[in-house]
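To start, the structure under review is shown below, and the notes come after it.
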Amino acid sequence: MRTAIFGLTIACVVFGNCFASEPTVRTDLVYGHKDGMALTMDLFEPTTEPNGVGLMLMVSGGWVSAWSPPEKLRPMIEPFLKAGYRIFAVRHGSSPKYLIPEIVKDVRLAHKYVHDRANEFKIDPKRIGVFGFSAGGHLSLMLGTTSNSEPGDNPRIAAVAAVFPPTDLRPYVDPTNPLREQFPALKFDVEKGSDYSPLLQVTKDDAPVVLVHGDRDELVPLWHSEKLEQALKKESVPTELVVIKGAAHGFDADGNRRMYVAMVSWFDKHLLASSK
């Protein structure tokens, strides 16, 4: 789903002294092709001592993945850069031309690209995390709940952070739901709704997940995260749900501070501790 909660102030509120140093950015790395077009990502180097871990950001709002100059993305990822993470900002084939099943294939391909070139990117292929907001959170969870259990050569996801993510698509792909028209990526086979619902893909080998959600979110109600938290706990998968009281599909400055603290702390706990 779409959201416009980000800005320079958010990262400054959380970590202060914004943009104290400029990161190196490798733009438009091509991780695949479709219909004669390139699928690309940008790589941001950390602004402090690198910790050897890579995080993939799912650049997606309403399953639309728009290109923007690196300086526009930087406020969204500044707290992670300051914590030493290398950030891969992944763009996928966009709705309305591409639907969720095709979009999920794109982000899987992006994950494999990052994993297979881990030495080049100076990261540990066994400690790749993923995060996203709304539709980007959904895609992050699709990787976190399926990459680790499916047969074949799929690389593993080591940790996930998802902010107000849709976790059960079945209500949305229903042809009677007006959101299906508002978000054309949902116009895929109704019978496949379960296949692309992270809630229904949970197994014991899933990646650890932190969820952040507002309790007044009407676009993606809180139950999406609550039910996923319950399902993950049932399978003994490490998980945490941070509820922002009074928040809808977007947070105020304090909510954003809590969100970033929760996400950075989660990745530190599950990706850095494993290296010691």
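Letters A, B, ... mark the chains of the structure tokens in the order given; residue numbers begin at 1 per chain; ligand numbers begin at 1, in order shown.
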
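DSSP annotation of stretch 206-254 of chain A from backbone atoms: alpha helix (DSSP H) residues are Trp223, His224, Ser225, Glu226, Lys227, Leu228, Glu229, Gln230, Ala231, Leu232, Lys233, Lys234, Ala253 and Asp254 of chain A.
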
For the selection you just gave me, I'd like the residues written to a file as a CSV table (one decimal), in the first residue's frame, keeping N, CA and C atoms.
chain,number,residue,atom,x,y,z
A,223,TRP,N,-4.7,-6.1,12.8
A,223,TRP,CA,-4.8,-7.5,12.9
A,223,TRP,C,-3.9,-8.2,12.0
A,224,HIS,N,-3.5,-7.6,10.9
A,224,HIS,CA,-2.5,-8.2,10.0
A,224,HIS,C,-1.2,-8.6,10.7
A,225,SER,N,-0.7,-7.6,11.5
A,225,SER,CA,0.5,-7.9,12.3
A,225,SER,C,0.2,-8.8,13.5
A,226,GLU,N,-0.9,-8.6,14.2
A,226,GLU,CA,-1.2,-9.4,15.3
A,226,GLU,C,-1.3,-10.9,15.0
A,227,LYS,N,-2.0,-11.2,13.9
A,227,LYS,CA,-2.2,-12.6,13.5
A,227,LYS,C,-0.8,-13.2,13.1
A,228,LEU,N,0.0,-12.4,12.4
A,228,LEU,CA,1.3,-12.9,12.0
A,228,LEU,C,2.2,-13.2,13.2
A,229,GLU,N,2.1,-12.2,14.2
A,229,GLU,CA,2.9,-12.4,15.4
A,229,GLU,C,2.5,-13.7,16.1
A,230,GLN,N,1.2,-14.0,16.2
A,230,GLN,CA,0.7,-15.2,16.8
A,230,GLN,C,1.1,-16.5,16.1
A,231,ALA,N,1.1,-16.4,14.7
A,231,ALA,CA,1.5,-17.6,13.9
A,231,ALA,C,3.0,-17.8,14.1
A,232,LEU,N,3.8,-16.8,14.1
A,232,LEU,CA,5.2,-17.0,14.2
A,232,LEU,C,5.5,-17.6,15.6
A,233,LYS,N,4.9,-17.0,16.6
A,233,LYS,CA,5.1,-17.5,18.0
A,233,LYS,C,4.7,-19.0,18.1
A,234,LYS,N,3.6,-19.4,17.5
A,234,LYS,CA,3.2,-20.8,17.5
A,234,LYS,C,4.3,-21.7,16.9
A,253,ALA,N,6.5,12.0,14.7
A,253,ALA,CA,7.9,11.9,14.9
A,253,ALA,C,8.3,10.9,16.0
A,254,ASP,N,7.5,10.8,17.1
A,254,ASP,CA,7.8,9.9,18.1
A,254,ASP,C,7.6,8.4,17.6

Sel. of strand (DSSP E or B) residues, stretch 19-211 of chain A, as a PyMOL selection string: chain A and resi 25-34+37-44+54-59+61+64+86-91+128-133+159-163+209-211

Contacts of A:Gly193 within 9 Å, only C-alpha atoms, excl. fewer than 2 positions in-chain, as a short mmCIF file (atom, residue, chain, number, x, y, z; two decimals) with C-alpha atoms, in the first residue's frame:
data_model
loop_
_atom_site.label_atom_id
_atom_site.label_comp_id
_atom_site.auth_asym_id
_atom_site.auth_seq_id
_atom_site.Cartn_x
_atom_site.Cartn_y
_atom_site.Cartn_z
CA ASP A 168 -3.26 -11.83 4.47
CA LEU A 169 -4.15 -10.85 0.90
CA ARG A 170 -7.30 -12.94 0.67
CA PRO A 171 -9.65 -10.07 1.63
CA TYR A 172 -7.96 -7.74 -0.85
CA VAL A 173 -7.96 -10.01 -3.90
CA ASP A 174 -11.71 -10.57 -3.52
CA LEU A 186 -4.01 -7.35 -6.42
CA PHE A 188 -4.35 -11.81 -9.80
CA ASP A 189 -6.05 -15.19 -9.53
CA VAL A 190 -8.17 -15.19 -6.37
CA GLU A 191 -7.30 -18.84 -5.80
CA ASP A 195 0.15 -18.33 -1.82
CA TYR A 196 1.05 -14.66 -1.52
CA SER A 197 -0.13 -14.15 2.06
#

Residue neighbourhood A:Asp116, 12 Å, only C-alpha atoms, exclusion window fewer than 6 positions, as a PDB file with N, CA and C atoms, in the first residue's frame:
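The file below, around38.pdb, is the result:
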ATOM      1  N   TYR A  31      20.024  -6.220 -11.663  1.00  0.00           N
ATOM      2  CA  TYR A  31      19.946  -7.575 -11.120  1.00  0.00           C
ATOM      3  C   TYR A  31      19.118  -8.524 -11.980  1.00  0.00           C
ATOM      4  N   LEU A 109      14.641 -12.630  -7.152  1.00  0.00           N
ATOM      5  CA  LEU A 109      15.802 -12.504  -8.030  1.00  0.00           C
ATOM      6  C   LEU A 109      16.791 -11.495  -7.457  1.00  0.00           C
ATOM      7  N   ALA A 110      16.281 -10.402  -6.912  1.00  0.00           N
ATOM      8  CA  ALA A 110      17.153  -9.398  -6.306  1.00  0.00           C
ATOM      9  C   ALA A 110      17.914  -9.985  -5.123  1.00  0.00           C
ATOM     10  N   LYS A 122      31.076  -7.144  -0.069  1.00  0.00           N
ATOM     11  CA  LYS A 122      31.704  -7.177   1.263  1.00  0.00           C
ATOM     12  C   LYS A 122      30.678  -7.382   2.369  1.00  0.00           C
ATOM     13  N   ILE A 123      29.792  -8.342   2.143  1.00  0.00           N
ATOM     14  CA  ILE A 123      28.811  -8.697   3.158  1.00  0.00           C
ATOM     15  C   ILE A 123      28.816 -10.212   3.344  1.00  0.00           C
ATOM     16  N   ASP A 124      28.241 -10.652   4.431  1.00  0.00           N
ATOM     17  CA  ASP A 124      28.116 -12.077   4.723  1.00  0.00           C
ATOM     18  C   ASP A 124      26.842 -12.603   4.065  1.00  0.00           C
ATOM     19  N   PRO A 125      26.939 -13.572   3.151  1.00  0.00           N
ATOM     20  CA  PRO A 125      25.737 -14.071   2.465  1.00  0.00           C
ATOM     21  C   PRO A 125      24.753 -14.765   3.404  1.00  0.00           C
ATOM     22  N   LYS A 126      25.215 -15.149   4.599  1.00  0.00           N
ATOM     23  CA  LYS A 126      24.329 -15.819   5.554  1.00  0.00           C
ATOM     24  C   LYS A 126      23.644 -14.837   6.501  1.00  0.00           C
ATOM     25  N   ILE A 128      21.871 -11.731   5.537  1.00  0.00           N
ATOM     26  CA  ILE A 128      21.176 -10.717   4.742  1.00  0.00           C
ATOM     27  C   ILE A 128      19.790 -10.500   5.343  1.00  0.00           C
ATOM     28  N   ASP A 153      17.719 -23.774  -4.753  1.00  0.00           N
ATOM     29  CA  ASP A 153      18.904 -23.012  -4.387  1.00  0.00           C
ATOM     30  C   ASP A 153      18.558 -21.621  -3.879  1.00  0.00           C
ATOM     31  N   ASN A 154      17.354 -21.448  -3.329  1.00  0.00           N
ATOM     32  CA  ASN A 154      16.986 -20.152  -2.790  1.00  0.00           C
ATOM     33  C   ASN A 154      17.889 -19.796  -1.604  1.00  0.00           C
ATOM     34  N   PRO A 155      18.548 -18.633  -1.634  1.00  0.00           N
ATOM     35  CA  PRO A 155      19.336 -18.227  -0.467  1.00  0.00           C
ATOM     36  C   PRO A 155      18.412 -17.887   0.694  1.00  0.00           C
ATOM     37  N   ARG A 156      18.966 -17.942   1.899  1.00  0.00           N
ATOM     38  CA  ARG A 156      18.170 -17.706   3.091  1.00  0.00           C
ATOM     39  C   ARG A 156      18.118 -16.222   3.447  1.00  0.00           C
TER      40      ARG A 156
END

Contacts of stretch 142-196 of chain A with stretch 64-79 of chain A up to 12 Å, shortest pair per row, only C-alpha atoms, as a tab-separated table:
residue	atom	partner	partner_atom	distance
A:Gln182	CA	A:Val64	CA	11.8
A:Phe183	CA	A:Val64	CA	9.0
A:Pro184	CA	A:Val64	CA	9.6
A:Ala185	CA	A:Val64	CA	8.4
A:Leu186	CA	A:Val64	CA	11.6

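Put simply, atom CA of A:Val114 is 13.2 Å away from atom CA of A:Arg91.
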
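Shortest atom-to-atom contact with A:Phe131 among A:Thr145, A:Leu211, A:Ser94, A:Lys187: A:Leu211, counting only C-alpha atoms.
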
Residues within 10 Å of A:Pro50, only C-alpha atoms, excluding chain neighbours under 5 positions, as a PyMOL selection string: chain A and resi 45+81-86+122-123

Best match for closeness to A:Ala135 among A:Arg117, A:Lys105, A:His270, A:His92, counting only C-alpha atoms: A:His92

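Going from atom CA of A:Leu271 over to atom CA of A:Leu139, you cover 19.6 Å.
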
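Minimum atom-to-atom distances from A:Tyr260, A:Phe121, A:Phe133, A:Phe267 to A:Met58 were compared using only C-alpha atoms, and the lowest value belongs to A:Phe133.
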
For A:Gly137: contacts at 6 Å, only C-alpha atoms, fewer than 5 positions along chain excluded, given as a list of chain:residue names: A:Gly132, A:Ala162, A:Val163, A:Pro165
